[in-house]
Structure formats: structure tokens, C-alpha cells
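Have a look at the structure below, then the notes.
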Amino acid sequence: MKTFSPSKNDIQHDWLIVDASDKILGRLASALAGRLRGKHKPEFVPHMDGGDFVVVVNAEKIRFTGRKLDQKMYYRHSGYIGGLKETTLRTMMQTKPEQVIMKAVRGMLPKNRLGRAMLKKLKVYSGTEHPHTAQQPKPIDF
């Protein structure tokens, strides 16, 4: 019996749509990361991008547990000395709610070029409108 190893022709990328309203951020992000990697498919291999395209709508209506809105911080650095900037989750949700989901999912994907390719298949929108209706995404609930 030989081990089956899929090629690029064997992998099919589906389009899925997820409504993020009233979903908890971490639980949604871990489910999205699994879908982007393709771990739900029987032909999963860790060295290939076998996941699906995922469209997330209503990113502004996501929920958080505990006191994360005021305590969770996002950090970025300008590259200059003393250039560390910090932003709370509350201000991120007011300015860029899409980035909250993107950063949560990015932390759960591999830290290499394969993980960056998987992250490009995640499309996040703050409202209910999205430009991917031509791909006919199938609704999925986590």
C-alpha cells in the first residue's frame, strides 16, 4: 500500500461565507484557520495549501469575553528608537474591525510563505456587503 500524496491538480478550493455577528473572536479565528489550512479535508498535507477561500462578513459585530475590549493591546513599531505604538481592542474595533479578525487568524497560521499564502484567501468585511458574489460562496456556520 502506497501513501497517497495529493498534487496541485487534486486540491479543490471552495468558497465559503461566514457571518461573524455574535461569534466569539478566538473560537471563530481557530475555526477559520483550520478551514484556510484545509485540515477539514481528508487529503490534508501540511506542506501544501489545500484550504478554502473564506469570506467573513459583519466583522464589526463580533463578541469578546472578559475585559478584552480595554485590556487587550495591539502593538506596532515604526522602526525608529522609541517608536512602539500601542492600540486597545476597543479603538481597533472602532477604526479597523477587519484587522482584528485578520490578526487573530494570522497568529494561528504557519509563520512562513505558506502561511502568508493561506492568509491571502481570507477576505474580511465589516458590513454585510462583499464583492465575491460571482464566486457563489456557500454559507457555513461555526
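Each chain in the C-alpha cells gets a letter, A, B, ..., in the order shown, and its residues are numbered from 1; ligands are numbered from 1 in order too.
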
Taking 3 positions as the minimum chain separation for residues in the same chain, which residues sit within 8 Å of region 110-124 of chain A when counting only C-alpha atoms? Answer as an mmCIF file with N, CA, C and O atoms, in the first residue's frame.
```
data_model
loop_
_atom_site.group_PDB
_atom_site.id
_atom_site.type_symbol
_atom_site.label_atom_id
_atom_site.label_comp_id
_atom_site.auth_asym_id
_atom_site.auth_seq_id
_atom_site.Cartn_x
_atom_site.Cartn_y
_atom_site.Cartn_z
ATOM 1 N N LEU A 36 -8.739 27.512 6.408
ATOM 2 C CA LEU A 36 -7.749 28.055 5.480
ATOM 3 C C LEU A 36 -6.603 27.068 5.235
ATOM 4 O O LEU A 36 -6.043 27.015 4.149
ATOM 5 N N ARG A 37 -6.247 26.290 6.252
ATOM 6 C CA ARG A 37 -5.192 25.295 6.094
ATOM 7 C C ARG A 37 -5.665 24.062 5.355
ATOM 8 O O ARG A 37 -4.872 23.359 4.745
ATOM 9 N N HIS A 47 2.323 20.416 4.019
ATOM 10 C CA HIS A 47 3.262 21.194 3.211
ATOM 11 C C HIS A 47 2.617 21.820 1.968
ATOM 12 O O HIS A 47 3.316 22.387 1.151
ATOM 13 N N MET A 48 1.278 21.711 1.828
ATOM 14 C CA MET A 48 0.592 22.291 0.666
ATOM 15 C C MET A 48 -0.572 23.153 1.113
ATOM 16 O O MET A 48 -1.159 22.929 2.178
ATOM 17 N N ASP A 49 -0.920 24.120 0.291
ATOM 18 C CA ASP A 49 -2.050 24.996 0.567
ATOM 19 C C ASP A 49 -3.308 24.335 0.008
ATOM 20 O O ASP A 49 -3.617 24.478 -1.173
ATOM 21 N N GLY A 51 -6.469 24.608 1.547
ATOM 22 C CA GLY A 51 -7.647 25.149 2.205
ATOM 23 C C GLY A 51 -8.598 25.843 1.253
ATOM 24 O O GLY A 51 -8.396 25.902 0.045
ATOM 25 N N ASP A 52 -9.663 26.382 1.825
ATOM 26 C CA ASP A 52 -10.714 27.049 1.076
ATOM 27 C C ASP A 52 -10.579 28.563 1.185
ATOM 28 O O ASP A 52 -9.914 29.075 2.088
ATOM 29 N N PHE A 53 -11.235 29.266 0.271
ATOM 30 C CA PHE A 53 -11.374 30.707 0.375
ATOM 31 C C PHE A 53 -12.506 30.996 1.355
ATOM 32 O O PHE A 53 -13.568 30.376 1.274
ATOM 33 N N VAL A 54 -12.300 31.923 2.286
ATOM 34 C CA VAL A 54 -13.307 32.221 3.295
ATOM 35 C C VAL A 54 -13.598 33.717 3.268
ATOM 36 O O VAL A 54 -12.684 34.532 3.354
ATOM 37 N N VAL A 55 -14.881 34.058 3.137
ATOM 38 C CA VAL A 55 -15.344 35.445 3.177
ATOM 39 C C VAL A 55 -16.057 35.638 4.509
ATOM 40 O O VAL A 55 -17.007 34.912 4.812
ATOM 41 N N VAL A 56 -15.604 36.589 5.309
ATOM 42 C CA VAL A 56 -16.211 36.872 6.606
ATOM 43 C C VAL A 56 -16.927 38.219 6.507
ATOM 44 O O VAL A 56 -16.323 39.211 6.119
ATOM 45 N N VAL A 57 -18.210 38.229 6.844
ATOM 46 C CA VAL A 57 -18.982 39.473 6.848
ATOM 47 C C VAL A 57 -19.402 39.791 8.283
ATOM 48 O O VAL A 57 -19.360 38.930 9.157
ATOM 49 N N ALA A 59 -17.908 41.835 10.498
ATOM 50 C CA ALA A 59 -16.775 41.791 11.425
ATOM 51 C C ALA A 59 -16.950 42.775 12.574
ATOM 52 O O ALA A 59 -16.367 42.593 13.636
ATOM 53 N N GLU A 98 -11.948 44.886 10.630
ATOM 54 C CA GLU A 98 -11.495 43.768 9.803
ATOM 55 C C GLU A 98 -10.127 43.275 10.256
ATOM 56 O O GLU A 98 -9.839 42.076 10.221
ATOM 57 N N ILE A 101 -9.912 40.520 13.147
ATOM 58 C CA ILE A 101 -10.063 39.121 12.754
ATOM 59 C C ILE A 101 -8.837 38.659 11.972
ATOM 60 O O ILE A 101 -8.349 37.543 12.165
ATOM 61 N N MET A 102 -8.307 39.515 11.103
ATOM 62 C CA MET A 102 -7.134 39.141 10.310
ATOM 63 C C MET A 102 -5.929 38.843 11.212
ATOM 64 O O MET A 102 -5.220 37.855 11.005
ATOM 65 N N VAL A 105 -6.448 35.468 13.133
ATOM 66 C CA VAL A 105 -6.257 34.287 12.291
ATOM 67 C C VAL A 105 -4.793 34.149 11.889
ATOM 68 O O VAL A 105 -4.252 33.043 11.846
ATOM 69 N N ARG A 106 -4.124 35.275 11.633
ATOM 70 C CA ARG A 106 -2.721 35.229 11.229
ATOM 71 C C ARG A 106 -1.849 34.598 12.302
ATOM 72 O O ARG A 106 -0.887 33.883 11.999
ATOM 73 N N GLY A 107 -2.183 34.822 13.564
ATOM 74 C CA GLY A 107 -1.414 34.225 14.643
ATOM 75 C C GLY A 107 -1.585 32.728 14.762
ATOM 76 O O GLY A 107 -0.790 32.059 15.419
#
```

Rows by chain and residue number, region 2-121 of chain A within 7 Å of region 130-139 of chain A, shortest pair, only C-alpha atoms, as a tab-separated table:
```
residue	atom	partner	partner_atom	distance
A:Trp15	CA	A:Pro137	CA	4.5
A:Leu16	CA	A:Pro137	CA	4.6
A:Ile17	CA	A:Pro139	CA	4.7
A:Val18	CA	A:Pro139	CA	6.1
```

Store the residues picked out above, limited to C-alpha atoms, as a compact mmCIF listing (two decimals), in the first residue's frame.
```
# COMPACT_ATOMS: atom_id res chain seq x y z
CA TRP A 15 -15.58 29.49 -1.47
CA LEU A 16 -17.30 29.82 1.91
CA ILE A 17 -19.06 32.73 3.60
CA VAL A 18 -19.22 33.18 7.38
```

request  = Can you check which residues of chain A DSSP gives as alpha helix (DSSP H) on the backbone and send them as a ChimeraX atom specification?
outcome  = /A:25-37,68-71,89-95,97-106,113-119

I'd like the neighbourhood of Ala104 (chain A) as a PDB file with C-alpha atoms, in the first residue's frame, where a residue qualifies if any of its atoms comes within 8 Å (using only C-alpha atoms), though same-chain residues fewer than 5 positions away should be ignored.
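Produced file out-v3.pdb, reproduced below:
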```
ATOM      1  CA  LEU A  25     -13.281  36.101  18.297  1.00  0.00           C
ATOM      2  CA  GLY A  26     -10.882  33.320  19.324  1.00  0.00           C
ATOM      3  CA  ALA A  29     -10.452  32.551  14.376  1.00  0.00           C
TER       4      ALA A  29
END
```

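As for CA of Gly79 (chain A) and CA of Val100 (chain A), they are spaced 22.2 Å apart.
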
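Within 7 Å of Leu89 (chain A), once only C-alpha atoms are used and residues closer than 2 positions along the same chain are dropped, the contacting residues are Lys68, Leu69, Asp70, Lys72, Met73, Thr87, Thr91, Met92 and Met93 of chain A.
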
Which of region 57-98 of chain A DSSP labels strand (DSSP E), written as a list in words =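 Written out, the strand (DSSP E) residues of region 57-98 of chain A are Val57, Met73, Tyr74, Tyr75, Arg76, His77, Leu84, Lys85, Glu86, Thr87 and Thr88 of chain A.
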
Coordinates-based distance that separates CA of Ser126 (chain A) from CA of Glu60 (chain A) (Å, one decimal) =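 Taking CA of Glu60 (chain A) and CA of Ser126 (chain A), their separation equals 5.2 Å.
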
query = What is the CA of Lys41 (chain A) to CA of Gln12 (chain A) distance in Å?
reply =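 Here the two named atoms are 10.0 Å from each other.
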
For Ser21 (chain A), the nearest of the candidates A:Tyr80, A:Phe64, A:Phe4, A:Tyr74, counting only C-alpha atoms =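 So, comparing all the options, the nearest one is A:Phe64.
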